[in-house]
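Trainee: Quick one: the structure is below, and I'll ask about it shortly.
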Amino acid sequence: MPELVLADPAERDDLGAFVARAVRLDAQAVVRLRNRQAGGLLDAWVATPFDTLATRTVAGQVTPGDTTVSATDLLTGLAVVRAEVVDPGPARDMMWRSALPPSVGWLPVDRLPGSVVSELAEKGVEVARENAGPRGTPPASLLDQTVITVSGSGLDVKVPMRCLFALSGMGFLGGDDVRITATDSWLRIDARFGAVVRRRHSMLPLLV
């Protein structure tokens, strides 16, 4: 069975808030817990309904060092049982379907005021409410709309609305600046309480 140890109660609460947001967006969500190679840090990853990944880093360690668990099981372990060692529930590694971005090779692109990003996200939510699909979800045309284009380090990066929806839905936005970094293939937006990550280009189908 996997075991999770966090550095202190504050780290437990931070991870708990992250997982609670993920469950609110998707009750069937799974969380991938992955130790960093150094520094005693742990990255938690979830796949959001907006076709983006969301991540938060806390001080702690998980055994095994790369484990996927049910978000509801993990939330129970974090919120209900206040022991030093957290039981995150049984491993659900086969339920993780998304590729993770690389850990190196990220280039700084731009910084945006958090208030500007929050305002853009709020406007997008208003438009989504007015144009909700049959299941109450925003149309793909809105989610894929480019909200802003930023440039830096020789890269021109388009930020789609779905990334701002994920930032807002996960409760990541605060008053601090939002930092945008990228590789040739990936976009990452770091806000005050976490980050969202998305492929910049669709993967090409394999030809057999």
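Note on naming: chains are A, B, ... as they come in the structure tokens, residues start from 1 per chain, ligands start from 1 in the order shown.
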As a ChimeraX atom specification, please: the residues near Gln28 (chain A) (cut-off 9 Å, only C-alpha atoms, same-chain neighbours under 6 positions excluded).

Mentor: /A:70-72

Trainee: For the selection just defined, write its residues with C-alpha atoms to a file, as a compact mmCIF listing (two decimals), in the first residue's frame.

Mentor:
```
# COMPACT_ATOMS: atom_id res chain seq x y z
CA SER A 70 -8.11 8.06 -6.09
CA ALA A 71 -8.62 11.74 -5.26
CA THR A 72 -11.49 10.92 -2.89
```

Trainee: Give the strand (DSSP E) residues of region 14-171 of chain A, as assigned by DSSP on the backbone, as a PDB file with C-alpha atoms, in the first residue's frame.

Mentor:
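That gives us out02.pdb:
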```pdb
ATOM      1  CA  VAL A  30      -7.186  10.519  -9.698  1.00  0.00           C
ATOM      2  CA  VAL A  31      -4.056  12.180  -8.322  1.00  0.00           C
ATOM      3  CA  ARG A  32      -0.554  11.269  -9.388  1.00  0.00           C
ATOM      4  CA  LEU A  33       1.965  11.764  -6.575  1.00  0.00           C
ATOM      5  CA  ARG A  34       5.573  11.951  -7.687  1.00  0.00           C
ATOM      6  CA  ASN A  35       8.725  12.606  -5.666  1.00  0.00           C
ATOM      7  CA  LEU A  41       9.496  17.856  -2.520  1.00  0.00           C
ATOM      8  CA  LEU A  42       6.468  16.114  -3.942  1.00  0.00           C
ATOM      9  CA  ASP A  43       4.498  17.048  -7.067  1.00  0.00           C
ATOM     10  CA  ALA A  44       0.775  16.265  -7.135  1.00  0.00           C
ATOM     11  CA  TRP A  45      -0.860  16.101 -10.586  1.00  0.00           C
ATOM     12  CA  VAL A  46      -4.479  15.904 -11.727  1.00  0.00           C
ATOM     13  CA  ALA A  47      -6.073  15.923 -15.174  1.00  0.00           C
ATOM     14  CA  LEU A  53      -3.067  19.198 -16.176  1.00  0.00           C
ATOM     15  CA  ALA A  54      -2.985  20.936 -12.799  1.00  0.00           C
ATOM     16  CA  THR A  55      -0.155  20.574 -10.312  1.00  0.00           C
ATOM     17  CA  ARG A  56       0.912  21.697  -6.868  1.00  0.00           C
ATOM     18  CA  THR A  57       4.200  21.099  -5.091  1.00  0.00           C
ATOM     19  CA  VAL A  58       4.408  20.379  -1.355  1.00  0.00           C
ATOM     20  CA  ALA A  59       7.157  19.320   1.026  1.00  0.00           C
ATOM     21  CA  GLY A  60       6.823  15.578   1.530  1.00  0.00           C
ATOM     22  CA  GLN A  61       7.515  12.108   0.171  1.00  0.00           C
ATOM     23  CA  VAL A  62       5.424   9.260  -1.158  1.00  0.00           C
ATOM     24  CA  THR A  63       6.284   5.561  -1.268  1.00  0.00           C
ATOM     25  CA  ASP A  66       5.508   7.661  -8.370  1.00  0.00           C
ATOM     26  CA  THR A  67       1.995   6.582  -7.429  1.00  0.00           C
ATOM     27  CA  THR A  68      -1.529   7.353  -8.644  1.00  0.00           C
ATOM     28  CA  VAL A  69      -4.427   7.185  -6.177  1.00  0.00           C
ATOM     29  CA  SER A  70      -8.112   8.061  -6.092  1.00  0.00           C
ATOM     30  CA  VAL A  85       1.752   8.998   7.938  1.00  0.00           C
ATOM     31  CA  VAL A  86      -1.142   9.433   5.510  1.00  0.00           C
ATOM     32  CA  LEU A 107      12.104  28.858 -20.880  1.00  0.00           C
ATOM     33  CA  PRO A 108      10.668  32.032 -19.299  1.00  0.00           C
ATOM     34  CA  VAL A 109       8.171  33.693 -21.632  1.00  0.00           C
ATOM     35  CA  ASP A 110       6.297  36.416 -19.737  1.00  0.00           C
ATOM     36  CA  ARG A 111       4.752  37.547 -16.460  1.00  0.00           C
ATOM     37  CA  LEU A 112       1.200  38.876 -16.242  1.00  0.00           C
ATOM     38  CA  THR A 146      -6.815  32.157 -27.671  1.00  0.00           C
ATOM     39  CA  VAL A 147      -7.145  34.619 -24.804  1.00  0.00           C
ATOM     40  CA  ILE A 148      -3.712  36.149 -24.993  1.00  0.00           C
ATOM     41  CA  THR A 149      -0.458  35.654 -26.885  1.00  0.00           C
ATOM     42  CA  VAL A 150       2.824  36.215 -25.056  1.00  0.00           C
ATOM     43  CA  SER A 151       6.397  36.287 -26.318  1.00  0.00           C
ATOM     44  CA  GLY A 152       9.790  35.692 -24.759  1.00  0.00           C
ATOM     45  CA  LEU A 155       8.867  31.766 -28.338  1.00  0.00           C
ATOM     46  CA  ASP A 156       5.399  33.040 -29.248  1.00  0.00           C
ATOM     47  CA  VAL A 157       2.939  31.259 -26.961  1.00  0.00           C
ATOM     48  CA  LYS A 158      -0.834  31.256 -27.323  1.00  0.00           C
ATOM     49  CA  VAL A 159      -2.791  30.849 -24.083  1.00  0.00           C
ATOM     50  CA  PRO A 160      -6.227  29.229 -24.649  1.00  0.00           C
TER      51      PRO A 160
END
```

Trainee: Could you tell me how far CA of Glu130 (chain A) sits from CA of His201 (chain A), in Å to one decimal place?

Mentor: 28.3 Å

Trainee: In Å, rounded to a single decimal, give me how far CA of Val80 (chain A) is from CA of Ser168 (chain A).

Mentor: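 Result for CA of Ser168 (chain A) versus CA of Val80 (chain A): 26.3 Å, one decimal.
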
Trainee: Could you give me, as a compact mmCIF listing (two decimals) with N, CA and C atoms, in the first residue's frame, the residues within 9 Å of Asp8 (chain A), counting only C-alpha atoms and dropping anything in the same chain fewer than 3 positions from it?

Mentor:
```
# COMPACT_ATOMS: atom_id res chain seq x y z
N VAL A 5 4.02 10.89 3.50
CA VAL A 5 4.48 11.64 4.67
C VAL A 5 4.69 13.08 4.25
N GLU A 11 1.56 21.83 5.05
CA GLU A 11 1.70 21.14 3.77
C GLU A 11 0.52 20.19 3.55
N ARG A 12 0.06 19.55 4.61
CA ARG A 12 -1.11 18.67 4.53
C ARG A 12 -2.33 19.46 4.09
N ASP A 13 -2.52 20.65 4.68
CA ASP A 13 -3.68 21.47 4.33
C ASP A 13 -3.59 21.97 2.89
N ALA A 59 6.01 19.98 0.40
CA ALA A 59 7.16 19.32 1.03
C ALA A 59 6.69 17.99 1.60
N GLY A 60 7.21 16.90 1.07
CA GLY A 60 6.82 15.58 1.53
C GLY A 60 7.38 14.50 0.62
N GLU A 84 0.62 11.15 11.35
CA GLU A 84 1.83 11.64 10.67
C GLU A 84 1.98 11.00 9.29
```

Trainee: Per DSSP on the backbone, what are the helix (DSSP H, G or I) residues of region 80-190 of chain A, as a PyMOL selection string?

Mentor: chain A and resi 93-95+114-130+140-143+161-169

Trainee: With C-alpha atoms retained, could you export that selection as a short mmCIF file (atom, residue, chain, number, x, y, z; two decimals), in the first residue's frame?

Mentor:
```cif
data_model
loop_
_atom_site.label_atom_id
_atom_site.label_comp_id
_atom_site.auth_asym_id
_atom_site.auth_seq_id
_atom_site.Cartn_x
_atom_site.Cartn_y
_atom_site.Cartn_z
CA ASP A 93 -1.70 3.59 -11.58
CA MET A 94 -3.62 2.16 -14.55
CA MET A 95 -6.15 5.00 -14.30
CA GLY A 114 -2.72 38.23 -11.45
CA SER A 115 -5.60 40.73 -11.53
CA VAL A 116 -5.55 40.76 -15.35
CA VAL A 117 -5.64 36.97 -15.59
CA SER A 118 -8.44 36.79 -12.99
CA GLU A 119 -10.49 39.32 -14.95
CA LEU A 120 -10.03 37.40 -18.21
CA ALA A 121 -11.05 34.16 -16.47
CA GLU A 122 -14.17 35.78 -14.98
CA LYS A 123 -15.22 37.12 -18.38
CA GLY A 124 -14.73 33.67 -19.87
CA VAL A 125 -16.92 32.10 -17.18
CA GLU A 126 -19.68 34.63 -17.94
CA VAL A 127 -19.54 33.83 -21.65
CA ALA A 128 -19.54 30.09 -20.88
CA ARG A 129 -22.70 30.42 -18.78
CA GLU A 130 -24.44 32.17 -21.66
CA ALA A 140 -15.04 23.54 -27.32
CA SER A 141 -14.87 26.60 -29.55
CA LEU A 142 -14.81 28.82 -26.45
CA LEU A 143 -12.32 26.66 -24.57
CA MET A 161 -9.27 29.94 -22.51
CA ARG A 162 -9.27 26.37 -21.17
CA CYS A 163 -6.05 27.14 -19.27
CA LEU A 164 -7.70 30.10 -17.52
CA PHE A 165 -10.76 27.98 -16.72
CA ALA A 166 -8.46 25.41 -15.11
CA LEU A 167 -6.61 28.11 -13.11
CA SER A 168 -9.92 29.48 -11.86
CA GLY A 169 -11.57 26.11 -11.24
#
```

Trainee: With only C-alpha atoms as the atoms that count, which of A:Asp73, A:Val104, A:Gly89, A:Ser98 lies nearest to Glu3 (chain A)?

Mentor: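 Counting only C-alpha atoms, the residue closest to Glu3 (chain A) is A:Gly89.
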
Trainee: Just to confirm, what's the straight-line distance from CA of Asp184 (chain A) to CA of Phe50 (chain A) in Å (one decimal)?

Mentor: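 Going from CA of Asp184 (chain A) over to CA of Phe50 (chain A) covers 21.2 Å.
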
Trainee: Measuring atom to atom with only C-alpha atoms, identify which of A:Ala17, A:Ala27, A:Leu78, A:Ala7 is nearest to Gly39 (chain A).

Mentor: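 Checking each of A:Ala17, A:Ala27, A:Leu78, A:Ala7 against Gly39 (chain A), counting only C-alpha atoms, the winner is A:Ala7.
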
Trainee: Given the choices A:Thr48, A:Gly16, A:Ala91, A:Thr76, which gets closest to Ala195 (chain A) if the distance is worked out from only C-alpha atoms?

Mentor: A:Thr48

Trainee: Taking only C-alpha atoms into account, name the residue in A:Ala22, A:Leu4, A:Leu74, A:Ala83 that is nearest to Phe172 (chain A).

Mentor: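 Of the candidates, the smallest distance to Phe172 (chain A) is held by A:Ala22.
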
Trainee: With only C-alpha atoms as the atoms that count, which of A:Arg24, A:Arg36, A:Arg92, A:Arg198 lies nearest to Thr181 (chain A)?

Mentor: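 Of A:Arg24, A:Arg36, A:Arg92, A:Arg198, the one nearest Thr181 (chain A), counting only C-alpha atoms, is A:Arg198.
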
Trainee: Ranking A:Leu100, A:Phe193, A:Gly174, A:Pro139 by minimum distance to Thr52 (chain A) and counting only C-alpha atoms, which one comes first?

Mentor: A:Leu100
